[in-house]
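Text of the file target.cif, holding mmCIF, C-alpha atoms and all ligand atoms:
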```cif
data_query
#
loop_
_atom_site.label_atom_id
_atom_site.label_comp_id
_atom_site.auth_asym_id
_atom_site.auth_seq_id
_atom_site.Cartn_x
_atom_site.Cartn_y
_atom_site.Cartn_z
CA MET D 1463 -10.96 -1.65 -29.81
CA LEU D 1464 -12.07 -4.01 -27.08
CA LYS D 1465 -9.22 -5.19 -24.89
CA GLN D 1466 -10.86 -7.04 -22.00
CA ILE D 1467 -14.19 -8.42 -20.87
CA VAL D 1468 -15.05 -9.50 -17.34
CA ARG D 1469 -18.23 -11.47 -16.80
CA GLY D 1470 -19.97 -11.91 -13.45
CA PRO D 1471 -22.57 -10.46 -11.09
CA LEU D 1472 -22.55 -6.67 -11.11
CA LEU D 1473 -23.74 -4.02 -8.63
CA ILE D 1474 -24.10 -0.43 -9.87
CA PRO D 1475 -24.91 2.21 -7.22
CA MET D 1476 -27.24 4.92 -8.50
CA ARG D 1477 -28.05 8.44 -7.38
CA GLY D 1478 -30.75 8.33 -4.75
CA GLY D 1479 -29.21 5.34 -3.02
CA PHE D 1480 -30.57 2.34 -4.88
CA VAL D 1481 -28.47 -0.23 -6.67
CA GLN D 1482 -28.85 -1.73 -10.13
CA TYR D 1483 -28.11 -5.46 -10.08
CA HIS D 1484 -27.12 -7.66 -13.03
CA ALA D 1485 -26.99 -11.34 -12.02
CA ASP D 1486 -25.03 -12.26 -15.15
CA GLY D 1487 -23.36 -8.97 -15.95
CA ALA D 1488 -20.35 -7.88 -17.93
CA LEU D 1489 -17.84 -5.05 -18.10
CA ALA D 1490 -15.91 -4.47 -21.32
CA GLY D 1491 -12.96 -2.09 -21.61
CA ASP D 1492 -10.82 -0.70 -24.41
CA GLU D 1493 -7.04 -0.39 -24.73
CA ARG D 1494 -7.12 3.00 -22.94
CA GLY D 1495 -8.69 1.37 -19.88
CA MET D 1496 -12.09 2.99 -20.50
CA LEU D 1497 -15.41 1.16 -20.19
CA VAL D 1498 -17.20 0.59 -23.48
CA PHE D 1499 -19.96 -1.68 -22.16
CA VAL D 1500 -21.69 -2.12 -18.80
CA GLY D 1501 -24.73 -4.36 -18.47
CA ASP D 1502 -26.03 -7.89 -19.10
CA TRP D 1503 -23.66 -10.47 -20.52
CA LYS D 1504 -26.43 -11.65 -22.83
CA GLU D 1505 -26.65 -8.24 -24.47
CA LEU D 1506 -22.88 -7.95 -24.90
CA SER D 1507 -22.48 -11.51 -26.25
CA SER D 1508 -25.10 -10.85 -28.93
CA LYS D 1509 -22.97 -7.95 -30.22
CA VAL D 1510 -19.51 -9.43 -30.12
CA GLY D 1511 -17.63 -10.69 -33.16
CA VAL D 1512 -15.18 -13.57 -33.49
CA ASP D 1513 -12.00 -11.57 -32.92
CA PHE D 1514 -13.15 -10.72 -29.46
CA PRO D 1515 -11.10 -11.20 -26.27
CA SER D 1516 -12.51 -14.16 -24.34
CA PRO D 1517 -14.23 -13.07 -21.15
CA ARG D 1518 -12.65 -13.65 -17.76
CA ARG D 1519 -14.99 -14.88 -15.03
CA SER D 1520 -15.02 -12.34 -12.20
CA ASP D 1521 -13.67 -13.36 -8.82
CA GLY D 1522 -16.77 -12.26 -6.90
CA VAL D 1523 -19.35 -9.56 -7.39
CA MET D 1524 -18.16 -6.50 -9.34
CA LEU D 1525 -18.80 -3.00 -7.99
CA PRO D 1526 -17.12 0.45 -7.92
CA PRO D 1527 -14.11 0.84 -5.59
CA PHE D 1528 -14.62 2.43 -2.17
CA LEU D 1529 -13.72 5.98 -1.15
CA ASP D 1530 -13.15 7.22 2.42
CA VAL D 1531 -13.91 10.93 2.88
CA HIS D 1532 -12.52 11.18 6.40
CA THR D 1533 -9.40 9.45 7.68
CA HIS D 1534 -6.15 10.34 9.47
CA ILE D 1535 -3.02 8.86 7.86
CA PRO D 1536 -0.66 9.41 10.85
CA GLN D 1537 -3.13 7.54 13.09
CA HIS D 1538 -3.03 4.41 10.92
CA PRO D 1539 -0.34 2.80 13.13
CA ILE D 1540 -2.56 3.28 16.26
CA ARG D 1541 -5.91 2.45 14.64
CA GLY D 1542 -8.34 1.15 17.23
CA GLY D 1543 -6.05 2.42 20.03
CA PHE D 1544 -7.48 5.95 20.27
CA LEU D 1545 -8.74 5.40 23.83
CA ASP D 1546 -6.01 3.07 25.14
CA GLY D 1547 -5.47 3.85 28.82
CA VAL D 1548 -8.17 6.56 28.92
CA PRO D 1549 -10.52 6.13 31.92
CA PRO D 1550 -14.26 6.11 31.10
CA ASP D 1551 -15.18 9.07 33.32
CA VAL D 1552 -12.37 11.48 32.45
CA LYS D 1553 -13.34 15.12 33.15
CA GLU D 1554 -12.53 16.68 29.73
CA GLY D 1555 -14.34 13.87 27.88
CA ARG D 1556 -12.82 10.83 26.18
CA LEU D 1557 -12.23 12.55 22.82
CA LEU D 1558 -9.94 15.25 24.20
CA ALA D 1559 -8.25 12.80 26.61
CA GLY D 1560 -7.59 10.25 23.83
CA LEU D 1561 -6.14 12.94 21.56
CA ALA D 1562 -3.69 14.04 24.25
CA ARG D 1563 -2.71 10.54 25.40
CA ASN D 1564 -2.52 8.54 22.17
CA VAL D 1565 -3.19 10.54 19.02
CA PHE D 1566 -0.91 13.56 19.34
CA PRO D 1567 2.14 11.41 20.25
CA ALA D 1568 1.48 9.27 17.13
CA GLU D 1569 1.20 12.40 14.97
CA ILE D 1570 4.46 13.82 16.35
CA GLN D 1571 6.21 10.73 14.90
CA CYS D 1572 5.40 12.10 11.44
CA ASN D 1573 7.64 15.11 12.07
CA SER D 1574 10.24 12.63 10.78
CA GLU D 1575 10.16 12.36 6.98
CA GLU D 1576 11.45 8.81 7.02
CA LEU D 1577 8.67 7.68 9.35
CA SER D 1578 6.06 9.62 7.39
CA ARG D 1579 7.07 7.79 4.24
CA ARG D 1580 6.68 4.44 5.96
CA VAL D 1581 3.31 5.36 7.53
CA VAL D 1582 1.98 6.60 4.18
CA GLY D 1583 3.19 3.42 2.43
CA GLU D 1584 1.49 1.14 4.95
CA PHE D 1585 -1.71 3.21 4.82
CA HIS D 1586 -1.71 2.93 1.03
CA SER D 1587 -1.25 -0.85 0.89
CA ASP D 1588 -3.80 -1.49 3.68
CA THR D 1589 -6.50 0.70 2.10
CA LEU D 1590 -5.92 -0.74 -1.38
CA ALA D 1591 -6.20 -4.31 -0.04
CA HIS D 1592 -9.66 -3.32 1.28
CA GLY D 1593 -10.70 -1.85 -2.06
CA VAL D 1594 -10.41 1.77 -0.85
CA VAL D 1595 -8.74 3.72 -3.65
CA GLY D 1596 -9.11 7.36 -2.62
CA GLY D 1597 -10.70 9.89 -0.34
CA ALA D 1598 -9.91 12.86 1.86
CA ALA D 1599 -7.25 12.41 4.54
CA TYR D 1600 -5.60 14.46 7.26
CA MET D 1601 -1.81 14.37 7.47
CA THR D 1602 -0.15 16.45 10.24
CA ILE D 1603 1.02 20.03 10.84
CA SER D 1604 4.20 19.15 8.91
CA ALA D 1605 4.36 20.49 5.34
CA PRO D 1606 7.10 17.97 4.32
CA ALA D 1607 4.95 15.08 5.67
CA THR D 1608 1.93 16.42 3.77
CA ARG D 1609 4.01 16.64 0.59
CA ILE D 1610 5.13 13.01 1.07
CA ALA D 1611 1.51 11.85 1.42
CA LEU D 1612 0.39 13.78 -1.67
CA THR D 1613 3.35 12.47 -3.68
CA ASP D 1614 3.24 8.82 -2.61
CA LEU D 1615 -0.55 8.32 -2.70
CA PRO D 1616 -2.44 8.02 -6.00
CA SER D 1617 -4.24 11.08 -7.33
CA MET D 1618 -7.65 9.95 -6.03
CA TRP D 1619 -6.42 10.82 -2.53
CA SER D 1620 -6.70 14.40 -1.28
CA VAL D 1621 -4.65 15.28 1.78
CA GLY D 1622 -4.62 18.14 4.27
CA LEU D 1623 -1.87 19.99 6.09
CA VAL D 1624 -3.39 20.28 9.58
CA LEU D 1625 -3.82 23.69 11.19
CA MET D 1626 -3.39 23.73 15.00
CA ASN D 1627 -2.17 26.45 17.34
CA GLN D 1628 -3.86 25.95 20.72
CA ASN D 1629 -4.71 23.15 23.17
CA CYS D 1630 -2.11 20.93 21.52
CA PRO D 1631 1.55 20.02 22.18
CA GLU D 1632 4.24 22.60 21.42
CA ASN D 1633 5.84 20.40 18.71
CA LEU D 1634 2.49 19.86 16.98
CA ARG D 1635 1.74 23.47 16.11
CA THR D 1636 1.38 24.96 12.66
CA ASP D 1637 4.43 26.86 11.44
CA GLU D 1638 2.48 30.11 11.16
CA ALA D 1639 5.47 32.11 9.92
CA ASN D 1640 5.73 29.94 6.78
CA LEU D 1641 2.07 29.02 6.34
CA ASP D 1642 1.40 31.20 3.28
CA LEU D 1643 4.46 29.84 1.50
CA ASP D 1644 3.65 26.23 2.42
CA VAL D 1645 0.06 26.53 1.20
CA GLU D 1646 1.09 28.31 -1.97
CA SER D 1647 3.68 25.70 -2.91
CA LEU D 1648 1.47 22.69 -2.04
CA ALA D 1649 -1.42 24.22 -3.99
CA ALA D 1650 0.86 24.92 -6.96
CA GLU D 1651 2.12 21.35 -6.98
CA PHE D 1652 -1.04 19.39 -6.15
CA GLY D 1653 -3.96 21.70 -6.95
CA ARG D 1654 -7.27 20.80 -5.29
CA ARG D 1655 -5.87 17.52 -3.99
CA PHE D 1656 -4.42 19.71 -1.28
CA ILE D 1657 -7.09 20.48 1.36
CA VAL D 1658 -6.91 23.33 3.87
CA THR D 1659 -7.50 21.45 7.11
CA ASP D 1660 -8.79 23.00 10.32
CA ARG D 1661 -8.23 20.37 13.05
CA PHE D 1662 -11.29 21.52 15.04
CA ALA D 1663 -12.35 24.62 16.91
CA VAL D 1664 -10.65 23.43 20.12
CA ALA D 1665 -7.20 23.39 18.49
CA VAL D 1666 -7.41 26.37 16.11
CA ASP D 1667 -8.03 30.01 17.03
CA SER D 1668 -10.16 32.31 14.88
CA THR D 1669 -7.17 34.22 13.52
CA LEU D 1670 -5.54 31.09 12.13
CA ARG D 1671 -8.87 29.69 10.87
CA ARG D 1672 -9.67 32.92 9.01
CA ARG D 1673 -6.21 32.89 7.50
CA GLY D 1674 -6.72 29.29 6.37
CA ALA D 1675 -10.12 30.09 4.85
CA ALA D 1676 -8.68 33.10 3.02
CA LEU D 1677 -5.83 30.98 1.61
CA ALA D 1678 -8.36 28.35 0.50
CA ALA D 1679 -10.38 31.05 -1.29
CA ARG D 1680 -7.25 32.53 -2.87
CA PHE D 1681 -6.00 29.24 -4.29
CA GLY D 1682 -9.41 27.68 -5.04
CA LEU D 1683 -8.98 24.91 -2.44
CA ARG D 1684 -11.57 23.13 -0.35
CA THR D 1685 -11.53 22.77 3.44
CA GLN D 1686 -12.18 20.04 6.02
CA THR D 1687 -12.71 19.93 9.77
CA HIS D 1688 -14.47 18.16 12.68
CA LEU D 1689 -17.72 19.38 14.23
CA ASN D 1690 -19.94 18.53 17.22
CA GLU D 1691 -18.45 15.13 17.95
CA GLN D 1692 -18.96 14.99 21.73
CA THR D 1693 -21.01 17.05 24.20
CA SER D 1694 -18.01 17.91 26.41
CA GLU D 1695 -16.17 19.17 23.30
CA LYS D 1696 -19.25 21.18 22.22
CA ASP D 1697 -19.53 22.76 25.70
CA PHE D 1698 -15.83 23.65 25.71
CA VAL D 1699 -16.12 25.30 22.29
CA GLU D 1700 -19.40 27.15 22.87
CA LYS D 1701 -19.06 28.16 26.52
CA ARG D 1702 -15.32 28.57 27.07
CA LEU D 1703 -13.56 29.22 23.76
CA TYR D 1704 -16.15 31.03 21.62
CA PRO D 1705 -18.87 32.48 23.90
CA ASN D 1706 -19.62 35.24 21.37
CA TYR D 1707 -20.59 32.86 18.58
CA ALA D 1708 -24.14 31.48 18.25
CA SER D 1709 -22.99 27.85 18.13
CA TYR D 1710 -20.09 25.52 17.34
CA THR D 1711 -21.14 25.52 13.67
CA ASP D 1712 -21.37 29.32 13.73
CA VAL D 1713 -17.62 29.46 14.57
CA TYR D 1714 -16.83 27.79 11.25
CA ARG D 1715 -19.48 29.78 9.39
CA ARG D 1716 -18.38 33.20 10.62
CA ASP D 1717 -14.70 32.39 10.18
CA GLY D 1718 -15.34 31.55 6.50
CA LEU D 1719 -14.43 27.87 6.63
CA LEU D 1720 -17.79 26.43 5.55
CA GLU D 1721 -17.97 28.36 2.28
CA GLN D 1722 -15.03 26.47 0.77
CA GLU D 1723 -16.86 23.16 0.04
CA CYS D 1724 -16.01 22.03 3.54
CA ILE D 1725 -16.09 18.33 4.46
CA VAL D 1726 -17.32 18.32 8.04
CA ALA D 1727 -16.83 15.16 10.09
CA HIS D 1728 -19.25 13.76 12.71
CA CYS D 1729 -22.11 16.28 13.31
CA VAL D 1730 -23.47 14.15 16.16
CA HIS D 1731 -24.68 16.92 18.50
CA MET D 1732 -26.27 19.50 16.20
CA ARG D 1733 -29.11 21.95 16.87
CA ASN D 1734 -31.54 22.55 14.03
CA GLU D 1735 -30.07 25.96 13.26
CA GLU D 1736 -26.65 24.33 12.91
CA TRP D 1737 -27.97 21.84 10.34
CA LYS D 1738 -29.48 24.79 8.50
CA MET D 1739 -26.14 26.63 8.47
CA LEU D 1740 -24.45 23.57 6.99
CA ALA D 1741 -27.16 23.21 4.36
CA ASP D 1742 -26.89 26.88 3.38
CA SER D 1743 -23.10 26.70 3.11
CA GLY D 1744 -22.77 23.85 0.61
CA ALA D 1745 -20.76 21.74 3.07
CA ALA D 1746 -20.80 17.93 3.01
CA VAL D 1747 -20.82 15.62 6.02
CA ALA D 1748 -18.42 12.72 6.70
CA HIS D 1749 -20.49 10.34 8.81
CA CYS D 1750 -18.29 8.05 10.91
CA PRO D 1751 -20.48 5.50 12.75
CA THR D 1752 -17.61 3.20 13.88
CA SER D 1753 -15.62 6.09 15.31
CA ASN D 1754 -18.69 7.62 16.98
CA LEU D 1755 -19.55 4.30 18.61
CA ALA D 1756 -15.95 3.54 19.66
CA LEU D 1757 -15.45 6.92 21.33
CA GLY D 1758 -18.95 6.95 22.86
CA SER D 1759 -19.87 10.09 20.90
CA GLY D 1760 -23.43 9.11 19.91
CA VAL D 1761 -25.15 8.63 16.56
CA MET D 1762 -25.53 11.27 13.84
CA SER D 1763 -29.17 11.88 12.92
CA LEU D 1764 -29.95 10.36 9.56
CA ALA D 1765 -33.33 12.11 9.65
CA ASN D 1766 -31.74 15.55 10.02
CA VAL D 1767 -29.04 15.16 7.40
CA SER D 1768 -31.73 13.96 4.96
CA GLU D 1769 -34.25 16.64 5.94
CA TYR D 1770 -31.72 19.40 5.27
CA GLN D 1771 -30.57 17.63 2.07
CA ILE D 1772 -26.91 17.76 3.02
CA PRO D 1773 -24.64 15.52 0.93
CA PHE D 1774 -22.98 12.89 3.09
CA ALA D 1775 -20.79 9.82 2.82
CA ILE D 1776 -19.69 7.27 5.37
CA ALA D 1777 -16.06 7.31 6.52
CA THR D 1778 -13.74 5.43 8.89
CA ASP D 1779 -12.02 8.24 10.81
CA ILE D 1780 -8.91 6.09 11.33
CA GLY D 1781 -7.52 5.80 14.08
CA ALA D 1782 -10.78 6.00 16.08
CA SER D 1783 -11.86 3.04 13.94
CA PRO D 1784 -9.79 -0.15 14.16
CA THR D 1785 -9.96 -0.85 10.41
CA VAL D 1786 -9.75 0.92 7.05
CA SER D 1787 -12.47 -1.45 5.73
CA MET D 1788 -15.40 0.41 4.19
CA LEU D 1789 -17.32 -2.90 4.16
CA ALA D 1790 -17.03 -2.87 7.98
CA GLU D 1791 -18.10 0.80 7.99
CA MET D 1792 -21.15 -0.10 5.88
CA GLY D 1793 -21.99 -2.83 8.39
CA ARG D 1794 -21.75 -0.33 11.26
CA PHE D 1795 -23.84 2.24 9.37
CA ILE D 1796 -26.61 -0.33 9.01
CA ALA D 1797 -26.24 -1.44 12.65
CA VAL D 1798 -26.50 2.05 14.18
CA HIS D 1799 -29.39 3.06 11.91
CA ARG D 1800 -31.23 -0.25 12.13
CA GLY D 1801 -34.61 -0.05 10.40
CA LEU D 1802 -33.67 3.24 8.69
CA ALA D 1803 -30.72 2.37 6.45
CA THR D 1804 -30.71 -0.28 3.72
CA HIS D 1805 -27.71 -2.18 2.41
CA GLU D 1806 -28.16 -0.50 -0.96
CA GLN D 1807 -27.96 2.91 0.72
CA ALA D 1808 -24.83 1.82 2.59
CA LEU D 1809 -23.14 0.88 -0.69
CA TYR D 1810 -24.16 4.19 -2.26
CA ARG D 1811 -22.73 6.11 0.72
CA ALA D 1812 -19.37 4.32 0.38
CA THR D 1813 -18.97 4.65 -3.41
CA LEU D 1814 -20.96 7.14 -5.48
CA ALA D 1815 -21.86 9.60 -2.69
CA PRO D 1816 -18.19 10.15 -1.70
CA ALA D 1817 -17.20 10.36 -5.40
CA GLU D 1818 -19.73 13.18 -5.82
CA ILE D 1819 -18.51 14.98 -2.70
CA LEU D 1820 -14.88 14.69 -3.86
CA ASN D 1821 -15.74 15.68 -7.47
CA LEU D 1822 -14.39 12.30 -8.59
CA ASP D 1823 -17.68 11.04 -10.03
CA LYS D 1824 -16.40 11.21 -13.60
CA GLU D 1825 -13.77 8.62 -12.65
CA LEU D 1826 -15.20 6.64 -9.76
CA GLY D 1827 -18.40 5.72 -7.96
CA GLN D 1828 -20.44 4.56 -10.92
CA LEU D 1829 -19.88 2.06 -13.69
CA ALA D 1830 -20.84 3.47 -17.09
CA PRO D 1831 -19.48 3.53 -20.65
CA GLY D 1832 -16.97 6.34 -21.16
CA ARG D 1833 -15.72 6.11 -17.56
CA PRO D 1834 -12.46 4.46 -16.52
CA MET D 1835 -12.70 0.67 -16.10
CA SER D 1836 -12.20 0.90 -12.32
CA PHE D 1837 -13.93 -1.70 -10.17
CA ILE D 1838 -13.40 -4.20 -7.40
CA GLU D 1839 -14.32 -7.87 -7.12
CA VAL D 1840 -15.67 -8.94 -3.73
CA ALA D 1841 -16.45 -12.39 -2.28
CA PHE D 1842 -20.15 -12.90 -1.57
CA ASP D 1843 -22.75 -15.60 -0.92
CA THR D 1844 -23.65 -16.99 -4.36
CA ALA D 1845 -26.99 -18.19 -2.97
CA ALA D 1846 -28.06 -14.54 -2.51
CA VAL D 1847 -30.26 -13.31 -5.35
CA THR D 1848 -31.13 -9.67 -4.57
CA ALA D 1849 -28.80 -6.65 -4.37
CA GLU D 1850 -29.79 -6.17 -0.72
CA LYS D 1851 -28.85 -9.76 0.21
CA ILE D 1852 -25.67 -9.81 -1.89
CA ILE D 1853 -24.41 -6.64 -0.23
CA ALA D 1854 -25.32 -8.07 3.20
CA SER D 1855 -23.29 -11.19 2.41
CA MET D 1856 -20.16 -9.12 1.55
CA LEU D 1857 -20.09 -7.49 4.99
CA PRO D 1858 -17.68 -8.89 7.60
CA ALA D 1859 -19.16 -10.77 10.57
CA ASP D 1860 -16.63 -9.16 12.92
CA LEU D 1861 -16.80 -5.42 12.20
CA ASP D 1862 -13.76 -4.66 14.37
CA HIS D 1863 -11.43 -7.29 12.90
CA PRO D 1864 -12.65 -7.81 9.34
CA ARG D 1865 -10.81 -10.02 6.88
CA SER D 1866 -10.93 -8.29 3.55
CA ALA D 1867 -13.43 -9.88 1.17
CA VAL D 1868 -11.90 -7.84 -1.69
CA ARG D 1869 -10.33 -10.23 -4.20
CA ARG D 1870 -9.13 -7.84 -6.87
CA VAL D 1871 -8.93 -4.08 -7.52
CA THR D 1872 -8.78 -2.86 -11.12
CA LEU D 1873 -8.05 0.79 -11.88
CA ALA D 1874 -8.45 2.14 -15.41
CA GLY D 1875 -8.22 -1.40 -16.83
CA LYS D 1876 -5.09 -2.42 -14.90
CA VAL D 1877 -4.96 -4.74 -11.88
CA ALA D 1878 -3.85 -2.68 -8.87
CA PHE D 1879 -4.35 -5.36 -6.21
CA GLU D 1880 -4.93 -9.10 -6.15
CA SER D 1881 -5.66 -11.07 -3.00
CA ARG D 1882 -3.38 -14.02 -2.34
CA ALA D 1883 -5.85 -15.52 0.13
ZN ZN I 1 -11.26 12.67 12.38
#
```

File written out as structure tokens:
Amino acid sequence: MLKQIVRGPLLIPMRGGFVQYHADGALAGDERGMLVFVGDWKELSSKVGVDFPSPRRSDGVMLPPFLDVHTHIPQHPIRGGFLDGVPPDVKEGRLLAGLARNVFPAEIQCNSEELSRRVVGEFHSDTLAHGVVGGAAYMTISAPATRIALTDLPSMWSVGLVLMNQNCPENLRTDEANLDLDVESLAAEFGRRFIVTDRFAVAVDSTLRRRGAALAARFGLRTQTHLNEQTSEKDFVEKRLYPNYASYTDVYRRDGLLEQECIVAHCVHMRNEEWKMLADSGAAVAHCPTSNLALGSGVMSLANVSEYQIPFAIATDIGASPTVSMLAEMGRFIAVHRGLATHEQALYRATLAPAEILNLDKELGQLAPGRPMSFIEVAFDTAAVTAEKIIASMLPADLDHPRSAVRRVTLAGKVAFESRA
């Protein structure tokens, strides 16, 4: 039984990074909220009978909702303020200095359950208003805070309890005595939505990392971490902390972290053998151009990630980025890879590519009959006539302070967000 029809321009990202465009498209859904038709309005209208629901005109171009494969919930309140007060020439590098000065104090706030609940609530409403409906997030070292995030966020969000036991404040260290119990109970309650999360090699010793990897293997969980973000961080890891390992990536490989479908953020300063290790391990990359630009980290090589055929998606890395907007992230992706990245590829990397990485591609990322009727409606320039130009017209002019162009979010046939603007 058909329940609803929405008619309007339609963008469908496809594997390989191109986008199918229907200028006068239509989505039709049944009473269970599943899509029964995706395509041209003309084709649908030739099939429909008289007892058909009248179509609603879409409020903008229709496309799959966004997913963010790398973001930090407790840093949402300080988004864009990662480097506040950090001098440009600080000895340990701006990443490590910003963590100590701004990020760790913000994360300590989430040792309070009441504050965690508020931070998670604000993160949820802000992301939804930007059409971001799921992804992979870091919470903190607190198991109660991680449980709050997994409970209060919809099931498309995966969340990690962060492992840390060195080069971090005393009150931001993993409770190693109770770690097995915490992981076991979070895995029992939330399954693979719970991610074993290695902060990065600077903050986690090999013993704890190996324990985390073993727990992930035991409970069938995936892992996430950061890798090769800045040169000073890479030097610290390779020369000071792990001189017996072949490289920064080798630390994660030998400690067993990469084997567990690891989502690895950044990968800006990689040697060829490190790319090869990632490719051999089945890991996926979270590419964070806004964060990398904001912290002066550099630009991940699009040529290398493609050459080694490593799955990757673009991600905000809140709070290094000032906004949860994936439209802004798409704009930054195109800006930092000018001449190499198309708008169609940017859309693919913010929708279907992350859905594939997160194993959510049966629910999200693509619009096809038999899938949930989940899509967003986005304001665009109606004079644009190609997918490339339509996508370009959706992107905010100010990438740091974007106003959301998302007018409506529909999940499984039900309206989850409507813009009042
Ligand atoms: Zn991060």

Select from chain D every residue with an atom at most 7 Å from any atom of ligand ZN 1 (chain I), then for each give the shortest pair of atoms and their distance in Å to one decimal, using all atoms listed in the file, rows by chain and rising number, as CSV.
```
residue,atom,partner,partner_atom,distance
D:His1532,CA,I:ZN1,ZN,6.3
D:Thr1533,CA,I:ZN1,ZN,6.0
D:His1534,CA,I:ZN1,ZN,6.3
D:His1688,CA,I:ZN1,ZN,6.4
D:Ala1727,CA,I:ZN1,ZN,6.5
D:Asp1779,CA,I:ZN1,ZN,4.8
```

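With atom CA of D:Arg1579 on one side and atom CA of D:His1538 on the other, the separation reads 12.6 Å.
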
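Closest approach to D:Trp1503 among D:Met1524, D:Val1468, D:Met1762, D:Ala1849 is made by D:Val1468 (distances from only C-alpha atoms).
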
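Among D:Gly1593, D:Gly1583, D:Pro1773, D:Gly1555, the residue with the shortest atom-to-atom distance to D:Pro1816, counting all atoms listed in the file, is D:Pro1773.
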
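In this comparison, which uses all atoms listed in the file, the residue of D:Arg1865, D:Ser1783, D:Gly1543, D:Leu1829 approaching D:Gly1487 most closely is D:Leu1829.
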
key: Residue with smallest distance to D:His1863 - pool D:Ala1675, D:Leu1648, D:Ala1790, D:Ile1657, counting all atoms listed in the file   = D:Ala1790

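Closest approach to D:Asn1690 from the set D:Glu1651, D:Glu1736, D:Asp1667, D:Glu1839 is made by D:Glu1736, with distances taken over all atoms listed in the file.
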
query = stretch 1855-1862 of chain D: which residues within 8 Å, counting all atoms listed in the file, same-chain residues fewer than 2 positions away excluded, as a ChimeraX atom specification?
reply = /D:1783-1785,1789-1794,1840-1843,1846,1851-1853,1864-1867

Stretch 1581-1593 of chain D: axis-aligned bounding box, 5 Å on each side, centre and edge lengths in Å, one decimal, as JSON:
```
{"center_x": -3.7, "center_y": 1.1, "center_z": 2.7, "size_x": 24.0, "size_y": 20.9, "size_z": 19.6}
```

inquiry  = Taking (-17.1, 33.8, 11.9) as a centre in this file's frame and 12 Å as the limit, can you find every polymer residue with an atom that close, using all atoms listed in the file, and give them as a PyMOL selection string?
reply    = chain D and resi 1663+1667-1673+1675+1704+1706-1721

Writing out the chosen residues with C-alpha atoms as a PDB file, keeping the file's coordinate frame:
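Below is the file that was written, out03.pdb:
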```
ATOM      1  CA  ALA D1663     -12.350  24.620  16.910  1.00  0.00           C
ATOM      2  CA  ASP D1667      -8.030  30.010  17.030  1.00  0.00           C
ATOM      3  CA  SER D1668     -10.160  32.310  14.880  1.00  0.00           C
ATOM      4  CA  THR D1669      -7.170  34.220  13.520  1.00  0.00           C
ATOM      5  CA  LEU D1670      -5.540  31.090  12.130  1.00  0.00           C
ATOM      6  CA  ARG D1671      -8.870  29.690  10.870  1.00  0.00           C
ATOM      7  CA  ARG D1672      -9.670  32.920   9.010  1.00  0.00           C
ATOM      8  CA  ARG D1673      -6.210  32.890   7.500  1.00  0.00           C
ATOM      9  CA  ALA D1675     -10.120  30.090   4.850  1.00  0.00           C
ATOM     10  CA  TYR D1704     -16.150  31.030  21.620  1.00  0.00           C
ATOM     11  CA  ASN D1706     -19.620  35.240  21.370  1.00  0.00           C
ATOM     12  CA  TYR D1707     -20.590  32.860  18.580  1.00  0.00           C
ATOM     13  CA  ALA D1708     -24.140  31.480  18.250  1.00  0.00           C
ATOM     14  CA  SER D1709     -22.990  27.850  18.130  1.00  0.00           C
ATOM     15  CA  TYR D1710     -20.090  25.520  17.340  1.00  0.00           C
ATOM     16  CA  THR D1711     -21.140  25.520  13.670  1.00  0.00           C
ATOM     17  CA  ASP D1712     -21.370  29.320  13.730  1.00  0.00           C
ATOM     18  CA  VAL D1713     -17.620  29.460  14.570  1.00  0.00           C
ATOM     19  CA  TYR D1714     -16.830  27.790  11.250  1.00  0.00           C
ATOM     20  CA  ARG D1715     -19.480  29.780   9.390  1.00  0.00           C
ATOM     21  CA  ARG D1716     -18.380  33.200  10.620  1.00  0.00           C
ATOM     22  CA  ASP D1717     -14.700  32.390  10.180  1.00  0.00           C
ATOM     23  CA  GLY D1718     -15.340  31.550   6.500  1.00  0.00           C
ATOM     24  CA  LEU D1719     -14.430  27.870   6.630  1.00  0.00           C
ATOM     25  CA  LEU D1720     -17.790  26.430   5.550  1.00  0.00           C
ATOM     26  CA  GLU D1721     -17.970  28.360   2.280  1.00  0.00           C
TER      27      GLU D1721
END
```

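Shortest atom-to-atom contact with D:Thr1687 among D:Gly1674, D:Gly1547, D:Pro1475, D:Gly1495: D:Gly1674, counting only C-alpha atoms.
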
inquiry  = If we count all atoms listed in the file and set the cut-off at 10 Å, which residues sit around D:Leu1529, ignoring sequence neighbours fewer than 5 positions away in its own chain? Please answer as an MDAnalysis selection string.
reply    = chainID D and resid 1589 1593:1598 1618:1619 1775:1777 1788 1811:1817 1820 1822 1826:1827

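Rounded to one decimal, atom CA of D:Cys1572 and atom CA of D:Thr1608 lie 9.5 Å from each other.
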
ask   = Suppose you want the space between atom CA of D:Glu1646 and atom CA of D:Asn1633; what is it in Å?
value = 22.6 Å

inquiry  = Given the point (-22.0, 16.2, 8.8) in the file's coordinates, find the residues that have an atom at most 10 Å from it, counting all atoms listed in the file, and give them as a PyMOL selection string.
reply    = chain D and resi 1688-1691+1724-1730+1732+1737+1740-1741+1745-1750+1762-1764+1766-1767+1772-1776

Residue contacts of D:Phe1652 (10 Å, all atoms listed in the file) excluding same-chain residues fewer than 2 positions away, as a ChimeraX atom specification = /D:1609,1612-1613,1617,1620-1621,1647-1650,1654-1657

task = Do a neighbour search on D:Phe1480 at 8 Å with all atoms listed in the file, toss out local chain neighbours closer than 6 positions, and write the hits as a list in words.
result = Glu1806, Gln1807 and Tyr1810 of chain D
